[in-house]
>>> print(open('start.pdb').read())   # PDB, C-alpha atoms, pLDDT in the B column
ATOM      1  CA  MET N 113     -93.078 -39.567  95.451  1.00 97.00           C
ATOM      2  CA  ILE N 114     -91.204 -40.386  98.664  1.00 98.00           C
ATOM      3  CA  LEU N 115     -88.374 -38.027  99.584  1.00 98.00           C
ATOM      4  CA  LEU N 116     -85.735 -38.703 102.203  1.00 98.00           C
ATOM      5  CA  SER N 117     -84.594 -35.448 103.764  1.00 98.00           C
ATOM      6  CA  ILE N 118     -81.229 -35.941 105.455  1.00 98.00           C
ATOM      7  CA  ASP N 119     -79.035 -33.669 107.518  1.00 98.00           C
ATOM      8  CA  PHE N 120     -75.840 -34.586 109.336  1.00 97.00           C
ATOM      9  CA  GLU N 121     -73.949 -32.861 112.095  1.00 96.00           C
ATOM     10  CA  THR N 122     -70.313 -33.946 111.986  1.00 96.00           C
ATOM     11  CA  SER N 123     -67.030 -33.741 113.878  1.00 94.00           C
ATOM     12  CA  GLY N 124     -65.444 -31.765 111.013  1.00 93.00           C
ATOM     13  CA  LEU N 125     -65.634 -31.026 107.302  1.00 91.00           C
ATOM     14  CA  ASP N 126     -63.582 -33.890 105.816  1.00 93.00           C
ATOM     15  CA  PRO N 127     -65.616 -37.101 105.321  1.00 94.00           C
ATOM     16  CA  GLU N 128     -62.415 -39.166 105.090  1.00 91.00           C
ATOM     17  CA  LYS N 129     -61.136 -37.986 108.482  1.00 92.00           C
ATOM     18  CA  ASN N 130     -64.232 -36.874 110.396  1.00 93.00           C
ATOM     19  CA  GLU N 131     -67.383 -38.694 111.454  1.00 94.00           C
ATOM     20  CA  ILE N 132     -71.128 -38.084 111.606  1.00 96.00           C
ATOM     21  CA  THR N 133     -72.255 -37.202 115.132  1.00 97.00           C
ATOM     22  CA  GLU N 134     -75.983 -36.663 114.591  1.00 97.00           C
ATOM     23  CA  VAL N 135     -78.446 -37.939 111.993  1.00 98.00           C
ATOM     24  CA  GLY N 136     -81.675 -36.233 111.034  1.00 98.00           C
ATOM     25  CA  ALA N 137     -83.839 -38.105 108.521  1.00 98.00           C
ATOM     26  CA  VAL N 138     -87.445 -37.655 107.432  1.00 98.00           C
ATOM     27  CA  LEU N 139     -89.364 -39.742 104.886  1.00 98.00           C
ATOM     28  CA  TRP N 140     -91.832 -37.391 103.204  1.00 98.00           C
ATOM     29  CA  SER N 141     -94.749 -38.136 100.902  1.00 98.00           C
ATOM     30  CA  THR N 142     -95.267 -35.491  98.228  1.00 98.00           C
ATOM     31  CA  SER N 143     -98.787 -36.863  97.653  1.00 97.00           C
ATOM     32  CA  PHE N 144     -99.919 -36.533 101.261  1.00 97.00           C
ATOM     33  CA  HIS N 145     -97.703 -33.509 102.054  1.00 97.00           C
ATOM     34  CA  ARG N 146     -96.575 -34.951 105.365  1.00 97.00           C
ATOM     35  CA  ALA N 147     -93.875 -37.000 107.052  1.00 98.00           C
ATOM     36  CA  MET N 148     -94.216 -40.768 106.926  1.00 98.00           C
ATOM     37  CA  GLU N 149     -91.307 -41.511 109.269  1.00 98.00           C
ATOM     38  CA  THR N 150     -88.896 -39.359 111.269  1.00 98.00           C
ATOM     39  CA  ALA N 151     -85.569 -40.278 112.871  1.00 97.00           C
ATOM     40  CA  SER N 152     -83.137 -38.251 114.958  1.00 97.00           C
ATOM     41  CA  TYR N 153     -80.235 -39.724 116.890  1.00 97.00           C
ATOM     42  CA  PHE N 154     -76.629 -39.294 117.954  1.00 97.00           C
ATOM     43  CA  ILE N 155     -73.782 -41.593 116.874  1.00 97.00           C
ATOM     44  CA  GLN N 156     -70.822 -42.663 118.964  1.00 95.00           C
ATOM     45  CA  THR N 157     -67.506 -41.440 117.561  1.00 90.00           C
ATOM     46  CA  SER N 158     -63.917 -42.542 118.046  1.00 83.00           C
ATOM     47  CA  ALA N 159     -62.495 -39.079 118.781  1.00 79.00           C
ATOM     48  CA  PRO N 160     -63.449 -36.190 121.103  1.00 83.00           C
ATOM     49  CA  LEU N 161     -65.188 -33.164 119.621  1.00 91.00           C
ATOM     50  CA  SER N 162     -63.428 -29.818 119.392  1.00 91.00           C
ATOM     51  CA  LYS N 163     -64.766 -26.779 121.237  1.00 93.00           C
ATOM     52  CA  GLU N 164     -65.432 -25.151 117.857  1.00 93.00           C
ATOM     53  CA  ILE N 165     -67.721 -28.001 116.786  1.00 93.00           C
ATOM     54  CA  THR N 166     -69.506 -28.074 120.152  1.00 94.00           C
ATOM     55  CA  ASP N 167     -70.076 -24.303 120.000  1.00 93.00           C
ATOM     56  CA  LEU N 168     -71.517 -24.638 116.488  1.00 90.00           C
ATOM     57  CA  THR N 169     -73.762 -27.690 116.958  1.00 91.00           C
ATOM     58  CA  GLY N 170     -74.394 -27.810 120.703  1.00 93.00           C
ATOM     59  CA  ILE N 171     -73.186 -31.435 120.700  1.00 95.00           C
ATOM     60  CA  ASN N 172     -70.455 -32.598 123.063  1.00 94.00           C
ATOM     61  CA  SER N 173     -68.627 -35.891 123.581  1.00 93.00           C
ATOM     62  CA  ALA N 174     -70.570 -36.704 126.762  1.00 94.00           C
ATOM     63  CA  MET N 175     -73.857 -36.620 124.799  1.00 95.00           C
ATOM     64  CA  LEU N 176     -72.499 -39.023 122.197  1.00 96.00           C
ATOM     65  CA  THR N 177     -71.117 -41.412 124.821  1.00 94.00           C
ATOM     66  CA  LYS N 178     -74.387 -41.581 126.771  1.00 96.00           C
ATOM     67  CA  PHE N 179     -76.987 -41.333 124.009  1.00 97.00           C
ATOM     68  CA  GLY N 180     -75.157 -42.229 120.785  1.00 97.00           C
ATOM     69  CA  TYR N 181     -75.890 -45.353 118.771  1.00 96.00           C
ATOM     70  CA  PRO N 182     -72.979 -47.619 117.794  1.00 95.00           C
ATOM     71  CA  GLN N 183     -71.844 -46.926 114.222  1.00 91.00           C
ATOM     72  CA  GLU N 184     -73.184 -50.150 112.698  1.00 92.00           C
ATOM     73  CA  ILE N 185     -76.646 -49.887 114.284  1.00 95.00           C
ATOM     74  CA  ALA N 186     -76.882 -46.204 113.392  1.00 96.00           C
ATOM     75  CA  TYR N 187     -76.191 -46.973 109.730  1.00 96.00           C
ATOM     76  CA  GLU N 188     -78.702 -49.833 109.628  1.00 95.00           C
ATOM     77  CA  ASN N 189     -81.395 -47.494 110.981  1.00 94.00           C
ATOM     78  CA  LEU N 190     -80.816 -45.041 108.146  1.00 97.00           C
ATOM     79  CA  GLU N 191     -80.355 -47.742 105.517  1.00 96.00           C
ATOM     80  CA  ASP N 192     -83.969 -48.885 105.953  1.00 95.00           C
ATOM     81  CA  MET N 193     -85.224 -45.347 105.251  1.00 97.00           C
ATOM     82  CA  ILE N 194     -82.925 -45.029 102.224  1.00 98.00           C
ATOM     83  CA  GLU N 195     -84.454 -48.150 100.663  1.00 97.00           C
ATOM     84  CA  GLN N 196     -87.962 -46.658 100.885  1.00 97.00           C
ATOM     85  CA  ALA N 197     -87.074 -43.321  99.292  1.00 98.00           C
ATOM     86  CA  ASP N 198     -87.269 -42.259  95.641  1.00 98.00           C
ATOM     87  CA  ALA N 199     -84.887 -39.316  96.100  1.00 98.00           C
ATOM     88  CA  PHE N 200     -82.636 -37.624  98.647  1.00 98.00           C
ATOM     89  CA  VAL N 201     -83.192 -33.977  99.589  1.00 98.00           C
ATOM     90  CA  GLY N 202     -81.295 -31.497 101.729  1.00 98.00           C
ATOM     91  CA  GLN N 203     -79.630 -28.122 102.008  1.00 97.00           C
ATOM     92  CA  ASN N 204     -76.165 -28.175 100.421  1.00 95.00           C
ATOM     93  CA  VAL N 205     -76.722 -31.929 100.417  1.00 97.00           C
ATOM     94  CA  ILE N 206     -74.632 -32.816  97.353  1.00 95.00           C
ATOM     95  CA  ARG N 207     -71.584 -30.872  98.442  1.00 94.00           C
ATOM     96  CA  PHE N 208     -71.667 -32.001 102.094  1.00 96.00           C
ATOM     97  CA  ASP N 209     -74.086 -34.674 103.351  1.00 97.00           C
ATOM     98  CA  LYS N 210     -73.801 -36.897 100.266  1.00 97.00           C
ATOM     99  CA  ARG N 211     -70.045 -37.165 100.690  1.00 96.00           C
ATOM    100  CA  PHE N 212     -70.378 -38.084 104.371  1.00 97.00           C
ATOM    101  CA  LEU N 213     -73.091 -40.645 103.589  1.00 97.00           C
ATOM    102  CA  GLU N 214     -70.940 -42.286 100.907  1.00 97.00           C
ATOM    103  CA  ALA N 215     -67.914 -42.418 103.225  1.00 96.00           C
ATOM    104  CA  TRP N 216     -70.063 -43.836 106.052  1.00 95.00           C
ATOM    105  CA  ALA N 217     -71.525 -46.500 103.760  1.00 96.00           C
ATOM    106  CA  LYS N 218     -68.045 -47.473 102.565  1.00 95.00           C
ATOM    107  CA  LYS N 219     -66.838 -47.934 106.157  1.00 92.00           C
ATOM    108  CA  ASN N 220     -69.766 -50.327 106.688  1.00 92.00           C
ATOM    109  CA  GLY N 221     -69.071 -52.258 103.476  1.00 94.00           C
ATOM    110  CA  LYS N 222     -72.129 -50.770 101.757  1.00 94.00           C
ATOM    111  CA  THR N 223     -72.890 -48.613  98.724  1.00 95.00           C
ATOM    112  CA  ILE N 224     -75.538 -45.956  98.368  1.00 96.00           C
ATOM    113  CA  PRO N 225     -78.201 -46.881  95.770  1.00 96.00           C
ATOM    114  CA  GLU N 226     -78.495 -44.643  92.731  1.00 96.00           C
ATOM    115  CA  LYS N 227     -81.235 -42.095  93.400  1.00 98.00           C
ATOM    116  CA  LEU N 228     -81.911 -38.486  92.497  1.00 98.00           C
ATOM    117  CA  TRP N 229     -80.355 -35.860  94.783  1.00 98.00           C
ATOM    118  CA  ILE N 230     -82.345 -32.632  95.243  1.00 98.00           C
ATOM    119  CA  ASP N 231     -80.574 -29.640  96.788  1.00 98.00           C
ATOM    120  CA  THR N 232     -82.608 -26.707  98.074  1.00 97.00           C
ATOM    121  CA  ARG N 233     -79.686 -24.372  97.356  1.00 94.00           C
ATOM    122  CA  THR N 234     -79.951 -24.990  93.603  1.00 95.00           C
ATOM    123  CA  ASP N 235     -83.151 -26.852  92.754  1.00 97.00           C
ATOM    124  CA  LEU N 236     -86.063 -24.676  93.915  1.00 97.00           C
ATOM    125  CA  PRO N 237     -87.411 -22.863  90.828  1.00 95.00           C
ATOM    126  CA  GLY N 238     -86.918 -19.108  91.016  1.00 92.00           C
ATOM    127  CA  VAL N 239     -85.375 -19.210  94.507  1.00 94.00           C
ATOM    128  CA  LYS N 240     -82.005 -17.614  95.211  1.00 90.00           C
ATOM    129  CA  SER N 241     -79.466 -19.712  97.092  1.00 90.00           C
ATOM    130  CA  LYS N 242     -78.916 -18.548 100.676  1.00 92.00           C
ATOM    131  CA  HIS N 243     -78.259 -19.867 104.158  1.00 94.00           C
ATOM    132  CA  LEU N 244     -81.131 -22.208 105.106  1.00 96.00           C
ATOM    133  CA  GLY N 245     -82.442 -19.861 107.796  1.00 96.00           C
ATOM    134  CA  TYR N 246     -82.616 -16.955 105.361  1.00 96.00           C
ATOM    135  CA  MET N 247     -84.278 -19.080 102.679  1.00 97.00           C
ATOM    136  CA  ALA N 248     -86.986 -20.010 105.186  1.00 97.00           C
ATOM    137  CA  ALA N 249     -87.468 -16.441 106.426  1.00 97.00           C
ATOM    138  CA  ASP N 250     -87.571 -15.026 102.880  1.00 97.00           C
ATOM    139  CA  ALA N 251     -89.829 -17.729 101.388  1.00 97.00           C
ATOM    140  CA  VAL N 252     -92.461 -16.612  98.873  1.00 96.00           C
ATOM    141  CA  ASP N 253     -95.497 -18.588  97.713  1.00 96.00           C
ATOM    142  CA  PRO N 254     -94.670 -19.329  94.055  1.00 94.00           C
ATOM    143  CA  ALA N 255     -98.364 -19.474  93.144  1.00 92.00           C
ATOM    144  CA  THR N 256     -99.336 -16.056  94.570  1.00 95.00           C
ATOM    145  CA  GLY N 257     -96.048 -14.212  95.016  1.00 94.00           C
ATOM    146  CA  ARG N 258     -96.973 -13.496  98.629  1.00 96.00           C
ATOM    147  CA  PRO N 259     -94.412 -13.724 101.440  1.00 96.00           C
ATOM    148  CA  CYS N 260     -94.822 -16.889 103.503  1.00 96.00           C
ATOM    149  CA  GLY N 261     -91.575 -16.925 105.455  1.00 97.00           C
ATOM    150  CA  PHE N 262     -91.097 -18.969 108.583  1.00 97.00           C
ATOM    151  CA  LEU N 263     -88.392 -19.659 111.157  1.00 96.00           C
ATOM    152  CA  ASN N 264     -86.319 -22.773 111.625  1.00 95.00           C
ATOM    153  CA  PRO N 265     -86.722 -23.024 115.422  1.00 93.00           C
ATOM    154  CA  PHE N 266     -83.647 -25.188 116.031  1.00 94.00           C
ATOM    155  CA  PRO N 267     -80.854 -24.451 113.499  1.00 91.00           C
ATOM    156  CA  HIS N 268     -78.039 -27.036 113.511  1.00 88.00           C
ATOM    157  CA  ASN N 269     -80.456 -29.532 115.027  1.00 93.00           C
ATOM    158  CA  ALA N 270     -80.402 -32.155 112.282  1.00 96.00           C
ATOM    159  CA  VAL N 271     -84.071 -33.122 112.189  1.00 97.00           C
ATOM    160  CA  SER N 272     -85.203 -29.494 112.439  1.00 97.00           C
ATOM    161  CA  ASP N 273     -83.090 -28.668 109.387  1.00 97.00           C
ATOM    162  CA  CYS N 274     -84.634 -31.666 107.572  1.00 98.00           C
ATOM    163  CA  LEU N 275     -88.156 -30.403 108.213  1.00 98.00           C
ATOM    164  CA  THR N 276     -87.244 -26.860 107.174  1.00 98.00           C
ATOM    165  CA  VAL N 277     -85.926 -28.214 103.860  1.00 98.00           C
ATOM    166  CA  LEU N 278     -89.127 -30.189 103.290  1.00 98.00           C
ATOM    167  CA  ARG N 279     -91.349 -27.204 103.980  1.00 98.00           C
ATOM    168  CA  LEU N 280     -89.425 -25.184 101.392  1.00 98.00           C
ATOM    169  CA  ILE N 281     -89.727 -27.965  98.817  1.00 98.00           C
ATOM    170  CA  ASP N 282     -93.417 -28.505  99.540  1.00 97.00           C
ATOM    171  CA  MET N 283     -94.181 -24.930  98.453  1.00 97.00           C
ATOM    172  CA  HIS N 284     -93.297 -25.878  94.859  1.00 97.00           C
ATOM    173  CA  PRO N 285     -94.758 -28.404  92.387  1.00 97.00           C
ATOM    174  CA  ILE N 286     -92.591 -31.454  92.890  1.00 98.00           C
ATOM    175  CA  ASP N 287     -92.385 -32.090  89.123  1.00 97.00           C
ATOM    176  CA  ALA N 288     -90.739 -28.687  88.648  1.00 97.00           C
ATOM    177  CA  VAL N 289     -88.275 -29.354  91.475  1.00 98.00           C
ATOM    178  CA  VAL N 290     -87.380 -32.776  90.069  1.00 98.00           C
ATOM    179  CA  ALA N 291     -86.925 -31.414  86.552  1.00 97.00           C
ATOM    180  CA  ARG N 292     -84.560 -28.754  87.840  1.00 97.00           C
ATOM    181  CA  ALA N 293     -82.631 -31.252  89.969  1.00 98.00           C
ATOM    182  CA  LYS N 294     -82.042 -33.381  86.865  1.00 97.00           C
ATOM    183  CA  GLN N 295     -80.501 -30.480  84.945  1.00 97.00           C
ATOM    184  CA  PRO N 296     -76.693 -30.660  84.697  1.00 94.00           C
ATOM    185  CA  THR N 297     -74.704 -28.042  86.586  1.00 94.00           C
ATOM    186  CA  VAL N 298     -72.037 -26.216  84.589  1.00 95.00           C
ATOM    187  CA  VAL N 299     -69.131 -24.035  85.683  1.00 97.00           C
ATOM    188  CA  LEU N 300     -69.255 -20.453  84.416  1.00 97.00           C
ATOM    189  CA  GLN N 301     -66.219 -18.176  84.421  1.00 97.00           C
ATOM    190  CA  SER N 302     -66.565 -14.393  84.405  1.00 97.00           C
ATOM    191  CA  HIS N 303     -64.096 -12.185  82.533  1.00 96.00           C
ATOM    192  CA  GLN N 304     -64.645  -8.787  84.137  1.00 95.00           C
ATOM    193  CA  GLU N 305     -62.127  -6.008  84.655  1.00 94.00           C
ATOM    194  CA  ARG N 306     -60.833  -5.609  88.205  1.00 92.00           C
ATOM    195  CA  GLN N 307     -63.076  -2.591  88.794  1.00 92.00           C
ATOM    196  CA  ASP N 308     -66.103  -4.795  88.006  1.00 92.00           C
ATOM    197  CA  ASN N 309     -65.372  -7.438  90.655  1.00 95.00           C
ATOM    198  CA  GLY N 310     -68.269  -6.086  92.702  1.00 95.00           C
ATOM    199  CA  ALA N 311     -70.662  -6.744  89.824  1.00 94.00           C
ATOM    200  CA  ALA N 312     -69.378 -10.321  89.563  1.00 95.00           C
ATOM    201  CA  LYS N 313     -69.897 -10.879  93.292  1.00 94.00           C
ATOM    202  CA  LYS N 314     -73.430  -9.537  93.011  1.00 92.00           C
ATOM    203  CA  LEU N 315     -74.194 -12.221  90.425  1.00 92.00           C
ATOM    204  CA  GLY N 316     -72.786 -14.890  92.757  1.00 92.00           C
ATOM    205  CA  PHE N 317     -69.331 -15.377  91.228  1.00 95.00           C
ATOM    206  CA  VAL N 318     -66.534 -16.215  93.661  1.00 95.00           C
ATOM    207  CA  TRP N 319     -62.752 -16.101  93.329  1.00 96.00           C
ATOM    208  CA  ASN N 320     -60.765 -19.342  93.255  1.00 95.00           C
ATOM    209  CA  PRO N 321     -57.097 -18.515  93.924  1.00 94.00           C
ATOM    210  CA  LYS N 322     -55.781 -21.951  92.888  1.00 93.00           C
ATOM    211  CA  TYR N 323     -57.231 -21.721  89.373  1.00 94.00           C
ATOM    212  CA  GLY N 324     -57.137 -17.921  89.208  1.00 94.00           C
ATOM    213  CA  ILE N 325     -60.737 -17.546  88.044  1.00 95.00           C
ATOM    214  CA  TRP N 326     -64.008 -15.977  89.109  1.00 97.00           C
ATOM    215  CA  TRP N 327     -66.597 -18.750  88.838  1.00 97.00           C
ATOM    216  CA  ILE N 328     -70.091 -19.923  89.669  1.00 95.00           C
ATOM    217  CA  GLY N 329     -71.871 -23.255  89.364  1.00 94.00           C
ATOM    218  CA  ALA N 330     -75.154 -22.843  87.484  1.00 95.00           C
ATOM    219  CA  LYS N 331     -77.933 -25.059  86.193  1.00 95.00           C
ATOM    220  CA  GLU N 332     -77.919 -25.303  82.400  1.00 94.00           C
ATOM    221  CA  GLY N 333     -81.324 -23.656  82.248  1.00 94.00           C
ATOM    222  CA  ASP N 334     -80.029 -20.567  84.069  1.00 95.00           C
ATOM    223  CA  VAL N 335     -76.975 -19.938  81.904  1.00 96.00           C
ATOM    224  CA  GLU N 336     -78.688 -17.752  79.306  1.00 95.00           C
ATOM    225  CA  GLY N 337     -80.204 -15.483  81.951  1.00 94.00           C
ATOM    226  CA  ILE N 338     -76.885 -15.083  83.777  1.00 95.00           C
ATOM    227  CA  VAL N 339     -75.052 -14.266  80.557  1.00 95.00           C
ATOM    228  CA  LYS N 340     -77.655 -11.654  79.565  1.00 95.00           C
ATOM    229  CA  SER N 341     -77.593  -9.979  82.982  1.00 93.00           C
ATOM    230  CA  ALA N 342     -73.801  -9.689  83.221  1.00 94.00           C
ATOM    231  CA  PRO N 343     -72.042  -6.477  82.073  1.00 94.00           C
ATOM    232  CA  PHE N 344     -68.987  -8.581  81.123  1.00 95.00           C
ATOM    233  CA  ASN N 345     -68.201 -11.719  79.141  1.00 96.00           C
ATOM    234  CA  ILE N 346     -68.914 -15.161  80.583  1.00 97.00           C
ATOM    235  CA  SER N 347     -67.639 -18.517  79.340  1.00 96.00           C
ATOM    236  CA  ILE N 348     -68.359 -22.136  80.216  1.00 95.00           C
ATOM    237  CA  GLU N 349     -65.319 -23.585  81.988  1.00 93.00           C
ATOM    238  CA  LYS N 350     -64.229 -27.226  81.662  1.00 91.00           C
ATOM    239  CA  ILE N 351     -62.829 -27.513  85.210  1.00 93.00           C
ATOM    240  CA  PRO N 352     -64.967 -30.104  87.083  1.00 92.00           C
ATOM    241  CA  LEU N 353     -67.234 -28.535  89.680  1.00 92.00           C
ATOM    242  CA  GLU N 354     -65.901 -30.879  92.373  1.00 91.00           C
ATOM    243  CA  GLN N 355     -62.356 -29.591  91.872  1.00 91.00           C
ATOM    244  CA  LEU N 356     -63.457 -26.019  92.472  1.00 93.00           C
ATOM    245  CA  TRP N 357     -65.352 -27.127  95.570  1.00 91.00           C
ATOM    246  CA  TYR N 358     -62.735 -29.306  97.207  1.00 87.00           C
ATOM    247  CA  ASP N 359     -59.238 -28.552  95.849  1.00 76.00           C
TER     248      ASP N 359
END
>>> encode(input="start.pdb", output="structure tokens")
Amino acid sequence: MILLSIDFETSGLDPEKNEITEVGAVLWSTSFHRAMETASYFIQTSAPLSKEITDLTGINSAMLTKFGYPQEIAYENLEDMIEQADAFVGQNVIRFDKRFLEAWAKKNGKTIPEKLWIDTRTDLPGVKSKHLGYMAADAVDPATGRPCGFLNPFPHNAVSDCLTVLRLIDMHPIDAVVARAKQPTVVLQSHQERQDNGAAKKLGFVWNPKYGIWWIGAKEGDVEGIVKSAPFNISIEKIPLEQLWYD
């Protein structure tokens, strides 16, 4: 199986208003357990970067002006790698990078082909969702149960994040990762008393003030375990996951 690990640094969080500033992309063979092709490059943008974004990513407008690819060429470079891949992978990739990729494709008169999306925050069997750096440092060999943590040497460097994601995935049988990625994600609502809010947080539930609910997105296969472990009632909510993410 050929995976395309992608990671974008951007000028902001809104794919309709902001632009991709850096692309990291790695084509990975799950049979050979190694990268087949690696790309890392800046993209020219139409607006200056804020100090907040530069402090976070280390990227400034001067870098993009001198070293950035024009938008059209940058997209064509990535498009060739997309065509070779069987699935996309990344950290928080569905909630963030996928949206930016779709918006970028639309601006270039393109559409993203239908492929499986694998997210390391939700699709690694038995692994708790955390910040990418913590997931790497806390990694455990699923076959032996032994710690095998490692460091991402260049966080917020797009290609370094791509490789960190691939190392985490490569620790697991790819069939198990794919099967989990194909499971639907459902929205669970907790119904605890106020004094039990701490218990809800411990299970990963978060408060959404717009809808007035404590909620969590969970794979269908995890629902039974979450319900059994909770000292309060839990129901499946019909609010679309995307609304809770973006509204």
>>> atom_distance(input="start.pdb", atom1="CA of Ile171 in chain N", atom2="CA of Ala147 in chain N")
25.4 Å
>>> resolve_selection(input="start.pdb", expression="the PyMOL selection byres ((chain N and resi 115) around 9)", output="ChimeraX atom specification")
/N:113-114,116-117,138-142,196-201,278
>>> residues_around(input="start.pdb", residues="range 176-182 of chain N", least_positions_apart="3", cutoff="7 Å", atoms="all atoms listed in the file", output="PyMOL selection string")
chain N and resi 153-156+172-173+185-186
>>> resolve_selection(input="start.pdb", expression="the PyMOL selection byres ((chain N and resi 216-226) around 12)", output="PyMOL selection string")
chain N and resi 120+122+126-133+135+155+182-188+190-200+209-215+227-229
>>> closest_residue(input="start.pdb", among="N:Val289, N:Ala159, N:Val339, N:Ala255", to="Thr232 in chain N", atoms="all atoms listed in the file")
N:Val289
>>> closest_residue(input="start.pdb", among="N:Val299, N:Ile325, N:Val318, N:Ala312", to="Glu349 in chain N", atoms="all atoms listed in the file")
N:Val299
>>> closest_residue(input="start.pdb", among="N:Gly316, N:Gly136, N:Pro237, N:Gly170", to="Asn189 in chain N", atoms="only C-alpha atoms")
N:Gly136
>>> resolve_selection(input="start.pdb", expression="the PyMOL selection byres ((chain N and resi 275) around 9)", output="number ranges by chain")
N: 117, 137-138, 147, 264, 270-274, 276-280
>>> write_last_selection(input="start.pdb", atoms="C-alpha atoms", output="tab-separated table (two decimals), keeping the file's coordinate frame")
chain	number	residue	atom	x	y	z
N	117	SER	CA	-84.59	-35.45	103.76
N	137	ALA	CA	-83.84	-38.10	108.52
N	138	VAL	CA	-87.44	-37.66	107.43
N	147	ALA	CA	-93.88	-37.00	107.05
N	264	ASN	CA	-86.32	-22.77	111.62
N	270	ALA	CA	-80.40	-32.16	112.28
N	271	VAL	CA	-84.07	-33.12	112.19
N	272	SER	CA	-85.20	-29.49	112.44
N	273	ASP	CA	-83.09	-28.67	109.39
N	274	CYS	CA	-84.63	-31.67	107.57
N	276	THR	CA	-87.24	-26.86	107.17
N	277	VAL	CA	-85.93	-28.21	103.86
N	278	LEU	CA	-89.13	-30.19	103.29
N	279	ARG	CA	-91.35	-27.20	103.98
N	280	LEU	CA	-89.42	-25.18	101.39
>>> closest_residue(input="start.pdb", among="N:Gln203, N:Leu300, N:His268, N:Leu356", to="Pro321 in chain N", atoms="only C-alpha atoms")
N:Leu356
>>> axis_aligned_box(input="start.pdb", around="range 187-203 of chain N", padding_each_side="6 Å", output="JSON")
{"center_x": -82.1, "center_y": -39.0, "center_z": 103.3, "size_x": 23.8, "size_y": 33.7, "size_z": 27.3}
>>> decode(input="start.pdb", residues="range 183-208 of chain N", atoms="C-alpha atoms", output="PDB file, in the first residue's frame")
ATOM      1  CA  GLN N 183       0.683  28.569  -6.381  1.00  0.00           C
ATOM      2  CA  GLU N 184      -0.019  26.696  -9.622  1.00  0.00           C
ATOM      3  CA  ILE N 185       3.386  24.978  -9.791  1.00  0.00           C
ATOM      4  CA  ALA N 186       3.233  24.095  -6.101  1.00  0.00           C
ATOM      5  CA  TYR N 187      -0.128  22.375  -6.580  1.00  0.00           C
ATOM      6  CA  GLU N 188       1.040  20.462  -9.658  1.00  0.00           C
ATOM      7  CA  ASN N 189       4.010  19.119  -7.675  1.00  0.00           C
ATOM      8  CA  LEU N 190       1.708  17.705  -5.012  1.00  0.00           C
ATOM      9  CA  GLU N 191      -0.913  16.524  -7.494  1.00  0.00           C
ATOM     10  CA  ASP N 192       1.541  14.023  -9.005  1.00  0.00           C
ATOM     11  CA  MET N 193       2.149  12.469  -5.569  1.00  0.00           C
ATOM     12  CA  ILE N 194      -1.595  12.358  -4.850  1.00  0.00           C
ATOM     13  CA  GLU N 195      -2.198  10.310  -8.005  1.00  0.00           C
ATOM     14  CA  GLN N 196       0.305   7.657  -6.875  1.00  0.00           C
ATOM     15  CA  ALA N 197      -1.127   7.226  -3.379  1.00  0.00           C
ATOM     16  CA  ASP N 198      -3.735   4.751  -2.124  1.00  0.00           C
ATOM     17  CA  ALA N 199      -4.536   6.782   1.002  1.00  0.00           C
ATOM     18  CA  PHE N 200      -3.765  10.064   2.749  1.00  0.00           C
ATOM     19  CA  VAL N 201      -2.297  10.081   6.262  1.00  0.00           C
ATOM     20  CA  GLY N 202      -1.540  12.802   8.782  1.00  0.00           C
ATOM     21  CA  GLN N 203      -1.991  14.146  12.278  1.00  0.00           C
ATOM     22  CA  ASN N 204      -5.376  15.858  12.656  1.00  0.00           C
ATOM     23  CA  VAL N 205      -5.436  15.564   8.873  1.00  0.00           C
ATOM     24  CA  ILE N 206      -9.210  15.312   8.378  1.00  0.00           C
ATOM     25  CA  ARG N 207     -10.039  18.295  10.538  1.00  0.00           C
ATOM     26  CA  PHE N 208      -7.266  20.556   9.190  1.00  0.00           C
TER      27      PHE N 208
END
